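Okay, so here's the structure we're looking at.
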Amino acid sequence: EEDEAALEELLGPSPLAPGPGAQRVAIVHPAVKWGPQKSPLTTAELQIAEAAALVDTLQNWTVLDKIIIPTKNPNKKFVFGKGNFQLLTEKIKKLPRVTAVFLNVERISSLTKKELEGAWGMQVFDRYTVVLHIFRCNARTKEAKLQVALAEIPLLRSNLKNEVSQRDQQRGGSRYIMGSGETFLETQNRVLKERELKIRNALEKLRRKRALLRTRRRKCEFPMVSVMGYTNCGKTTLIKALTGEAGLQPRDQLFATLDITAHAGYLPSHMAVIYVDTIGFLTGLPHNLVESFSATLEEVAYSDLIVHVRDITHPETTLQKATVLSVLRNLNLPSHLLDSMVEVHNKVDLMERYKPTEENAFAISALHGHGLEELKQEIERKILTATGKKILTVNINLEGPQLSWLYKEATVQEVEVMPEDGTARVKVIIGSSAFGRYKNLFPNSKVFMS
């Protein structure tokens, strides 16, 4: 009960949440014309369209205007040059009932945020705060909520520095608290450190619990397939199509899935597998935001296969692929998982006669079921290789212990009884070590490869 109460305290209302009210947002995109910060795989128009999609994901948030302004260096204090900043300020002030500006950069410093809010007279959000707020709204489980709370810590720290520098400027009151010998900054930093430690400990407990569940699942020998991809590429729709799970309701929005969810399905040989739906990725998703969700993504390292889903109709599909692969490489996954990954080109129903240019990519429509049988066969082939399982047909004597042994140690698919001689042909899926034991125990049994 004490643990529960402590957990509830950590999951209380966030001090950083913009509040439940409506926001009328002007999106400002700093377009870098040249240099290392310019991405060759996208355009300013596509980047601002994605920023608008992020805002549209939030209830009661509306995009009022999309403004692209060129800049040489988006890292300077006012982000833009003097002339462009003045033009932008005039444009924002003329917008009817605008309540916030979304500056489409990964992260702005607390000093820049303060200066911009002072100049424009309203809240300024960056990608970090907008994505974090979407996470906050979509977090359903305790684990997802704790991971959001952990991702908030760096923001609380930078806000604290800002607050302290303001106090110092105003020179108000003593630097020390009630003669404790501890400054306001030290006290608040200590409180934040303690909060971070509590969150990490709570996440560690949940991680251990999940490791226990994973061990149990391993004992049942269900192969695990992690379905990954850029946010809104159709992962949940694909899992629904592969499993036939009617209760799955895919949502056409960014970051609809924040928690790992597992769904059972069957491959062509009737082998049971578990498909795992994971959090989607996003270009320019700040590193420590991904870090906070490492507990969720850790599950991927234990899968037998990764299926990478791409929305092939998206104009930035190449950049999206690069983003997903970059995040996967940073997760330090076993190399065999990255090497055996299956690439799926989704939403081909929206394109004329689509043929993948990449070798070994599967063109599918998760919504209409096109190409799913070929994909299932490929998943089965890769799963059999990854797990060392074999699909065999064995001849057994029905009077002996073979059939009950196979039911216990392998997955029996079909039993064809031959009543005239008291034997049966049994189709099984069996692991390498179990097959070795079978051959030792029953050396005279005939085995046929399926």
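Identifiers for the structure tokens are assigned positionally: chains receive A, B, ... in sequence, residues are indexed from 1 per chain, and ligands are indexed from 1 in the order shown.
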
Neighbour list for Ala246 (chain A) as a list in words, cut-off 12 Å, only C-alpha atoms, skip fewer than 6 positions in-chain = Thr236, Thr237, Ile239, Lys240 and His263 of chain A

Skip region 226-229 of chain A itself and residues of its chain fewer than 6 positions away, then list as a PyMOL selection string all residues within 7 Å of it, counting only C-alpha atoms.
-> chain A and resi 235+275-278+280-281+300+303+305-310+324

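Every residue of region 50-252 of chain A found in strand (DSSP E) when DSSP is run on the backbone appears here: A:Trp61, A:Thr62, A:Val63, A:Leu64, A:Asp65, A:Lys66, A:Ile67, A:Ile68, A:Ile69, A:Pro70, A:Thr71, A:Ala100, A:Val101, A:Phe102, A:Leu103, A:Gln123, A:Val124, A:Phe125, A:Met224, A:Val225, A:Ser226, A:Val227, A:Met228, A:Gly229.
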
Selected residues written out with C-alpha atoms, as a CSV table (one decimal), in the first residue's frame:
```csv
chain,number,residue,atom,x,y,z
A,61,TRP,CA,-5.5,22.3,-30.4
A,62,THR,CA,-5.8,24.0,-33.7
A,63,VAL,CA,-3.2,25.1,-36.3
A,64,LEU,CA,-3.9,28.8,-37.0
A,65,ASP,CA,-1.0,29.4,-39.4
A,66,LYS,CA,2.2,27.7,-40.7
A,67,ILE,CA,5.1,30.1,-41.2
A,68,ILE,CA,8.5,29.1,-42.8
A,69,ILE,CA,11.3,31.6,-42.1
A,70,PRO,CA,14.9,31.1,-43.3
A,71,THR,CA,17.8,31.1,-40.8
A,100,ALA,CA,0.9,29.8,-28.5
A,101,VAL,CA,3.8,29.4,-30.9
A,102,PHE,CA,5.2,26.0,-31.8
A,103,LEU,CA,8.8,26.5,-32.9
A,123,GLN,CA,3.7,30.4,-24.6
A,124,VAL,CA,6.3,28.9,-26.9
A,125,PHE,CA,6.6,25.2,-27.4
A,224,MET,CA,8.1,-13.1,-30.4
A,225,VAL,CA,7.9,-10.7,-33.4
A,226,SER,CA,8.4,-6.9,-32.7
A,227,VAL,CA,6.5,-4.7,-35.2
A,228,MET,CA,8.3,-1.4,-35.5
A,229,GLY,CA,8.2,1.7,-37.6
```

Write out as a list in words which residues come within 10 Å of Pro154 (chain A) when counting only C-alpha atoms, dropping same-chain ones fewer than 3 positions away.
->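 Selected residues are Leu150, Ala151, Arg157, Ser158, Asn159, Leu160, Leu192, Glu196, Asn288 and Leu289 of chain A.
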
Could those selected residues go to a file with N, CA, C and O atoms, as a PDB file, in the first residue's frame?
```
ATOM      1  N   LEU A 150       9.567  10.790 -16.180  1.00  0.00           N
ATOM      2  CA  LEU A 150      11.034  10.794 -16.253  1.00  0.00           C
ATOM      3  C   LEU A 150      11.520  11.744 -17.354  1.00  0.00           C
ATOM      4  O   LEU A 150      12.503  12.462 -17.177  1.00  0.00           O
ATOM      5  N   ALA A 151      10.792  11.754 -18.477  1.00  0.00           N
ATOM      6  CA  ALA A 151      11.171  12.629 -19.607  1.00  0.00           C
ATOM      7  C   ALA A 151      10.981  14.099 -19.252  1.00  0.00           C
ATOM      8  O   ALA A 151      11.549  14.980 -19.899  1.00  0.00           O
ATOM      9  N   ARG A 157      14.416  20.828 -14.776  1.00  0.00           N
ATOM     10  CA  ARG A 157      15.743  21.345 -14.406  1.00  0.00           C
ATOM     11  C   ARG A 157      16.035  22.673 -15.106  1.00  0.00           C
ATOM     12  O   ARG A 157      16.511  23.619 -14.484  1.00  0.00           O
ATOM     13  N   SER A 158      15.750  22.722 -16.428  1.00  0.00           N
ATOM     14  CA  SER A 158      16.070  23.970 -17.142  1.00  0.00           C
ATOM     15  C   SER A 158      15.131  25.098 -16.704  1.00  0.00           C
ATOM     16  O   SER A 158      15.535  26.245 -16.622  1.00  0.00           O
ATOM     17  N   ASN A 159      13.869  24.760 -16.378  1.00  0.00           N
ATOM     18  CA  ASN A 159      12.945  25.782 -15.856  1.00  0.00           C
ATOM     19  C   ASN A 159      13.432  26.330 -14.524  1.00  0.00           C
ATOM     20  O   ASN A 159      13.299  27.512 -14.225  1.00  0.00           O
ATOM     21  N   LEU A 160      14.027  25.440 -13.714  1.00  0.00           N
ATOM     22  CA  LEU A 160      14.532  25.835 -12.397  1.00  0.00           C
ATOM     23  C   LEU A 160      15.676  26.834 -12.541  1.00  0.00           C
ATOM     24  O   LEU A 160      15.711  27.856 -11.870  1.00  0.00           O
ATOM     25  N   LEU A 192      14.411  17.429  -7.132  1.00  0.00           N
ATOM     26  CA  LEU A 192      14.312  16.831  -8.473  1.00  0.00           C
ATOM     27  C   LEU A 192      15.097  15.520  -8.559  1.00  0.00           C
ATOM     28  O   LEU A 192      14.651  14.559  -9.173  1.00  0.00           O
ATOM     29  N   GLU A 196      13.598  11.937  -9.456  1.00  0.00           N
ATOM     30  CA  GLU A 196      14.122  11.120 -10.560  1.00  0.00           C
ATOM     31  C   GLU A 196      14.470   9.711 -10.067  1.00  0.00           C
ATOM     32  O   GLU A 196      14.170   8.713 -10.721  1.00  0.00           O
ATOM     33  N   ASN A 288      16.828  12.273 -25.018  1.00  0.00           N
ATOM     34  CA  ASN A 288      16.425  11.775 -23.694  1.00  0.00           C
ATOM     35  C   ASN A 288      14.940  11.466 -23.606  1.00  0.00           C
ATOM     36  O   ASN A 288      14.478  10.893 -22.638  1.00  0.00           O
ATOM     37  N   LEU A 289      14.186  11.822 -24.647  1.00  0.00           N
ATOM     38  CA  LEU A 289      12.784  11.388 -24.706  1.00  0.00           C
ATOM     39  C   LEU A 289      12.755   9.903 -25.086  1.00  0.00           C
ATOM     40  O   LEU A 289      12.006   9.116 -24.513  1.00  0.00           O
TER      41      LEU A 289
END
```

If we count only C-alpha atoms, what is near Gly12 (chain A) at a cut-off of 12 Å, once residues fewer than 5 positions away on the same chain are taken out, given as a VMD selection string?
-> chain A and resid 5 to 7 17 136 142 145 to 146 148 to 149

Store the residues picked out above, limited to all heavy atoms, as a PDB file, in the first residue's frame.
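Result written to selection_31.pdb:
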```
ATOM      1  N   ALA A   5       0.876   4.239  -2.764  1.00  0.00           N
ATOM      2  CA  ALA A   5       0.698   5.674  -2.440  1.00  0.00           C
ATOM      3  C   ALA A   5       1.851   6.492  -3.014  1.00  0.00           C
ATOM      4  O   ALA A   5       1.644   7.566  -3.591  1.00  0.00           O
ATOM      5  CB  ALA A   5       0.619   5.852  -0.920  1.00  0.00           C
ATOM      6  N   ALA A   6       3.083   5.961  -2.893  1.00  0.00           N
ATOM      7  CA  ALA A   6       4.262   6.664  -3.435  1.00  0.00           C
ATOM      8  C   ALA A   6       4.163   6.776  -4.944  1.00  0.00           C
ATOM      9  O   ALA A   6       4.510   7.799  -5.546  1.00  0.00           O
ATOM     10  CB  ALA A   6       5.532   5.921  -3.037  1.00  0.00           C
ATOM     11  N   LEU A   7       3.663   5.697  -5.573  1.00  0.00           N
ATOM     12  CA  LEU A   7       3.511   5.669  -7.027  1.00  0.00           C
ATOM     13  C   LEU A   7       2.469   6.692  -7.471  1.00  0.00           C
ATOM     14  O   LEU A   7       2.682   7.438  -8.434  1.00  0.00           O
ATOM     15  CB  LEU A   7       3.099   4.257  -7.458  1.00  0.00           C
ATOM     16  CG  LEU A   7       3.341   3.870  -8.913  1.00  0.00           C
ATOM     17  CD1 LEU A   7       4.791   4.057  -9.300  1.00  0.00           C
ATOM     18  CD2 LEU A   7       2.930   2.432  -9.155  1.00  0.00           C
ATOM     19  N   ALA A  17       2.263  20.375 -17.812  1.00  0.00           N
ATOM     20  CA  ALA A  17       1.159  20.217 -18.772  1.00  0.00           C
ATOM     21  C   ALA A  17       0.580  21.590 -19.123  1.00  0.00           C
ATOM     22  O   ALA A  17       0.348  22.406 -18.243  1.00  0.00           O
ATOM     23  CB  ALA A  17       0.077  19.331 -18.177  1.00  0.00           C
ATOM     24  N   ARG A 136       1.927  12.416 -22.845  1.00  0.00           N
ATOM     25  CA  ARG A 136       1.183  12.594 -21.592  1.00  0.00           C
ATOM     26  C   ARG A 136      -0.289  12.261 -21.790  1.00  0.00           C
ATOM     27  O   ARG A 136      -0.915  11.598 -20.973  1.00  0.00           O
ATOM     28  CB  ARG A 136       1.349  14.050 -21.145  1.00  0.00           C
ATOM     29  CG  ARG A 136       1.158  14.285 -19.665  1.00  0.00           C
ATOM     30  CD  ARG A 136       1.320  15.761 -19.344  1.00  0.00           C
ATOM     31  NE  ARG A 136       2.692  16.192 -19.302  1.00  0.00           N
ATOM     32  CZ  ARG A 136       3.210  17.170 -20.054  1.00  0.00           C
ATOM     33  NH1 ARG A 136       2.442  17.811 -20.922  1.00  0.00           N
ATOM     34  NH2 ARG A 136       4.477  17.500 -19.950  1.00  0.00           N
ATOM     35  N   LYS A 142       0.684   2.565 -15.946  1.00  0.00           N
ATOM     36  CA  LYS A 142       1.579   3.196 -14.966  1.00  0.00           C
ATOM     37  C   LYS A 142       2.973   3.365 -15.561  1.00  0.00           C
ATOM     38  O   LYS A 142       3.626   4.376 -15.361  1.00  0.00           O
ATOM     39  CB  LYS A 142       1.664   2.339 -13.698  1.00  0.00           C
ATOM     40  CG  LYS A 142       0.463   2.542 -12.785  1.00  0.00           C
ATOM     41  CD  LYS A 142       0.530   1.651 -11.577  1.00  0.00           C
ATOM     42  CE  LYS A 142      -0.747   1.827 -10.758  1.00  0.00           C
ATOM     43  NZ  LYS A 142      -0.901   0.805  -9.744  1.00  0.00           N
ATOM     44  N   LYS A 145       3.140   6.270 -17.960  1.00  0.00           N
ATOM     45  CA  LYS A 145       3.050   7.538 -17.206  1.00  0.00           C
ATOM     46  C   LYS A 145       4.362   7.852 -16.480  1.00  0.00           C
ATOM     47  O   LYS A 145       4.793   8.996 -16.421  1.00  0.00           O
ATOM     48  CB  LYS A 145       1.885   7.475 -16.210  1.00  0.00           C
ATOM     49  CG  LYS A 145       0.519   7.560 -16.895  1.00  0.00           C
ATOM     50  CD  LYS A 145      -0.612   7.326 -15.915  1.00  0.00           C
ATOM     51  CE  LYS A 145      -1.965   7.324 -16.658  1.00  0.00           C
ATOM     52  NZ  LYS A 145      -3.070   6.947 -15.776  1.00  0.00           N
ATOM     53  N   LEU A 146       4.983   6.800 -15.923  1.00  0.00           N
ATOM     54  CA  LEU A 146       6.273   6.999 -15.238  1.00  0.00           C
ATOM     55  C   LEU A 146       7.354   7.432 -16.227  1.00  0.00           C
ATOM     56  O   LEU A 146       8.189   8.276 -15.922  1.00  0.00           O
ATOM     57  CB  LEU A 146       6.716   5.699 -14.551  1.00  0.00           C
ATOM     58  CG  LEU A 146       6.042   5.373 -13.215  1.00  0.00           C
ATOM     59  CD1 LEU A 146       6.357   3.941 -12.805  1.00  0.00           C
ATOM     60  CD2 LEU A 146       6.473   6.334 -12.116  1.00  0.00           C
ATOM     61  N   VAL A 148       6.879   9.110 -18.962  1.00  0.00           N
ATOM     62  CA  VAL A 148       6.620  10.524 -19.294  1.00  0.00           C
ATOM     63  C   VAL A 148       7.157  11.413 -18.168  1.00  0.00           C
ATOM     64  O   VAL A 148       7.812  12.434 -18.413  1.00  0.00           O
ATOM     65  CB  VAL A 148       5.105  10.767 -19.528  1.00  0.00           C
ATOM     66  CG1 VAL A 148       4.810  12.258 -19.606  1.00  0.00           C
ATOM     67  CG2 VAL A 148       4.644  10.081 -20.819  1.00  0.00           C
ATOM     68  N   ALA A 149       6.889  11.008 -16.912  1.00  0.00           N
ATOM     69  CA  ALA A 149       7.371  11.788 -15.756  1.00  0.00           C
ATOM     70  C   ALA A 149       8.898  11.873 -15.763  1.00  0.00           C
ATOM     71  O   ALA A 149       9.475  12.922 -15.433  1.00  0.00           O
ATOM     72  CB  ALA A 149       6.871  11.151 -14.460  1.00  0.00           C
TER      73      ALA A 149
END
```

Contacts of Lys93 (chain A) at 12 Å (only C-alpha atoms; same-chain gap of 6+ positions) as a PyMOL selection string = chain A and resi 26+65+86-87+99-101+119-122

Write the residues you've just listed into a file as an mmCIF file, in the first residue's frame, and include N, CA, C and O atoms for each of them.
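Written file, again-v7.cif:
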```cif
data_model
loop_
_atom_site.group_PDB
_atom_site.id
_atom_site.type_symbol
_atom_site.label_atom_id
_atom_site.label_comp_id
_atom_site.auth_asym_id
_atom_site.auth_seq_id
_atom_site.Cartn_x
_atom_site.Cartn_y
_atom_site.Cartn_z
ATOM 1 N N ALA A 26 0.340 28.941 -33.763
ATOM 2 C CA ALA A 26 1.068 29.329 -34.979
ATOM 3 C C ALA A 26 2.316 28.458 -35.025
ATOM 4 O O ALA A 26 3.076 28.427 -34.054
ATOM 5 N N ASP A 65 -1.799 29.024 -38.220
ATOM 6 C CA ASP A 65 -0.992 29.432 -39.377
ATOM 7 C C ASP A 65 0.309 28.641 -39.382
ATOM 8 O O ASP A 65 0.782 28.197 -38.331
ATOM 9 N N GLN A 86 12.005 40.275 -36.702
ATOM 10 C CA GLN A 86 11.045 41.392 -36.614
ATOM 11 C C GLN A 86 9.811 41.113 -37.487
ATOM 12 O O GLN A 86 8.672 41.298 -37.055
ATOM 13 N N LEU A 87 10.071 40.624 -38.709
ATOM 14 C CA LEU A 87 8.971 40.287 -39.626
ATOM 15 C C LEU A 87 8.066 39.225 -39.014
ATOM 16 O O LEU A 87 6.840 39.308 -39.067
ATOM 17 N N THR A 99 -2.804 31.740 -29.317
ATOM 18 C CA THR A 99 -2.481 31.558 -27.892
ATOM 19 C C THR A 99 -1.084 30.987 -27.663
ATOM 20 O O THR A 99 -0.569 31.037 -26.557
ATOM 21 N N ALA A 100 -0.467 30.389 -28.716
ATOM 22 C CA ALA A 100 0.853 29.776 -28.535
ATOM 23 C C ALA A 100 1.588 29.677 -29.864
ATOM 24 O O ALA A 100 0.961 29.691 -30.927
ATOM 25 N N VAL A 101 2.916 29.605 -29.764
ATOM 26 C CA VAL A 101 3.751 29.397 -30.945
ATOM 27 C C VAL A 101 4.477 28.069 -30.775
ATOM 28 O O VAL A 101 5.022 27.774 -29.709
ATOM 29 N N ALA A 119 9.004 38.416 -26.143
ATOM 30 C CA ALA A 119 8.817 39.184 -27.390
ATOM 31 C C ALA A 119 7.420 38.987 -27.964
ATOM 32 O O ALA A 119 6.828 39.910 -28.527
ATOM 33 N N TRP A 120 6.862 37.761 -27.830
ATOM 34 C CA TRP A 120 5.578 37.462 -28.472
ATOM 35 C C TRP A 120 4.385 37.502 -27.515
ATOM 36 O O TRP A 120 3.233 37.443 -27.947
ATOM 37 N N GLY A 121 4.687 37.514 -26.214
ATOM 38 C CA GLY A 121 3.607 37.630 -25.216
ATOM 39 C C GLY A 121 2.732 36.393 -25.126
ATOM 40 O O GLY A 121 1.527 36.478 -24.864
ATOM 41 N N MET A 122 3.313 35.208 -25.372
ATOM 42 C CA MET A 122 2.524 33.958 -25.282
ATOM 43 C C MET A 122 3.470 32.776 -25.082
ATOM 44 O O MET A 122 4.682 32.909 -25.204
#
```

Nearest candidate to Glu299 (chain A) (options A:Arg210, A:Lys382, A:Arg353, A:His270; using only C-alpha atoms) = A:Arg210

Which residues are close to region 401-412 of chain A, i.e. within 9 Å by only C-alpha atoms, leaving aside same-chain residues fewer than 5 positions away? Reply as a CSV table (one decimal) with N, CA and C atoms, in the first residue's frame.
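Dumped to around04.csv:
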```csv
chain,number,residue,atom,x,y,z
A,271,MET,N,1.9,-22.5,-36.3
A,271,MET,CA,2.7,-22.2,-35.1
A,271,MET,C,2.2,-20.9,-34.5
A,396,ILE,N,5.0,-42.7,-35.6
A,396,ILE,CA,5.1,-43.2,-34.2
A,396,ILE,C,4.2,-44.4,-34.0
A,424,ALA,N,0.8,-43.8,-36.3
A,424,ALA,CA,0.3,-42.5,-36.7
A,424,ALA,C,1.4,-41.6,-37.3
A,426,VAL,N,2.6,-37.9,-37.3
A,426,VAL,CA,2.4,-36.7,-36.5
A,426,VAL,C,3.3,-35.6,-37.0
A,427,LYS,N,2.6,-34.4,-37.3
A,427,LYS,CA,3.3,-33.2,-37.8
A,427,LYS,C,3.6,-32.4,-36.6
A,428,VAL,N,4.9,-32.0,-36.3
A,428,VAL,CA,5.2,-31.2,-35.1
A,428,VAL,C,6.1,-30.1,-35.5
A,429,ILE,N,6.1,-29.0,-34.6
A,429,ILE,CA,7.1,-28.0,-34.6
A,429,ILE,C,8.0,-28.3,-33.4
A,430,ILE,N,9.3,-28.5,-33.6
A,430,ILE,CA,10.1,-28.9,-32.5
A,430,ILE,C,11.5,-28.1,-32.5
A,431,GLY,N,11.9,-27.8,-31.3
A,431,GLY,CA,13.2,-27.1,-31.2
A,431,GLY,C,14.4,-28.1,-31.3
A,434,ALA,N,15.1,-30.3,-28.2
A,434,ALA,CA,14.1,-31.3,-28.0
A,434,ALA,C,14.2,-32.4,-29.1
A,435,PHE,N,14.5,-32.0,-30.3
A,435,PHE,CA,14.6,-33.0,-31.4
A,435,PHE,C,15.8,-34.0,-31.2
A,438,TYR,N,14.6,-36.4,-28.7
A,438,TYR,CA,13.6,-37.3,-29.3
A,438,TYR,C,14.4,-38.5,-30.0
A,441,LEU,N,15.9,-40.9,-27.5
A,441,LEU,CA,14.9,-41.7,-26.8
A,441,LEU,C,14.2,-42.7,-27.8
A,442,PHE,N,14.0,-42.2,-29.0
A,442,PHE,CA,13.2,-43.1,-30.0
A,442,PHE,C,14.0,-43.3,-31.3
```

Just asking: which residues within region 25-246 of chain A are alpha helix (DSSP H) according to DSSP, as a ChimeraX atom specification?
-> /A:44-57,82-94,110-120,127-138,142-170,184-220,235-243

Computed gap from CA of Lys76 (chain A) to CA of Glu90 (chain A) is 20.0 Å

CA of Leu331 (chain A) to CA of Asn201 (chain A), distance in Å rounded to a single decimal | 20.9 Å

Within 12 Å of Val191 (chain A), counting only C-alpha atoms, which residues show up once you throw out same-chain ones fewer than 6 positions away? Write them as a list of chain:residue names, please.
->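 In the requested form, the answer reads A:Ile153, A:Leu156, A:Arg157, A:Leu160, A:Phe184, A:Leu185, A:Leu197, A:Lys198.
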
Which one of A:Phe85, A:Glu380, A:Glu9, A:Phe222 sits closest to Arg195 (chain A) if you count only C-alpha atoms?
->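 The answer is A:Glu9, which sits nearest to Arg195 (chain A).
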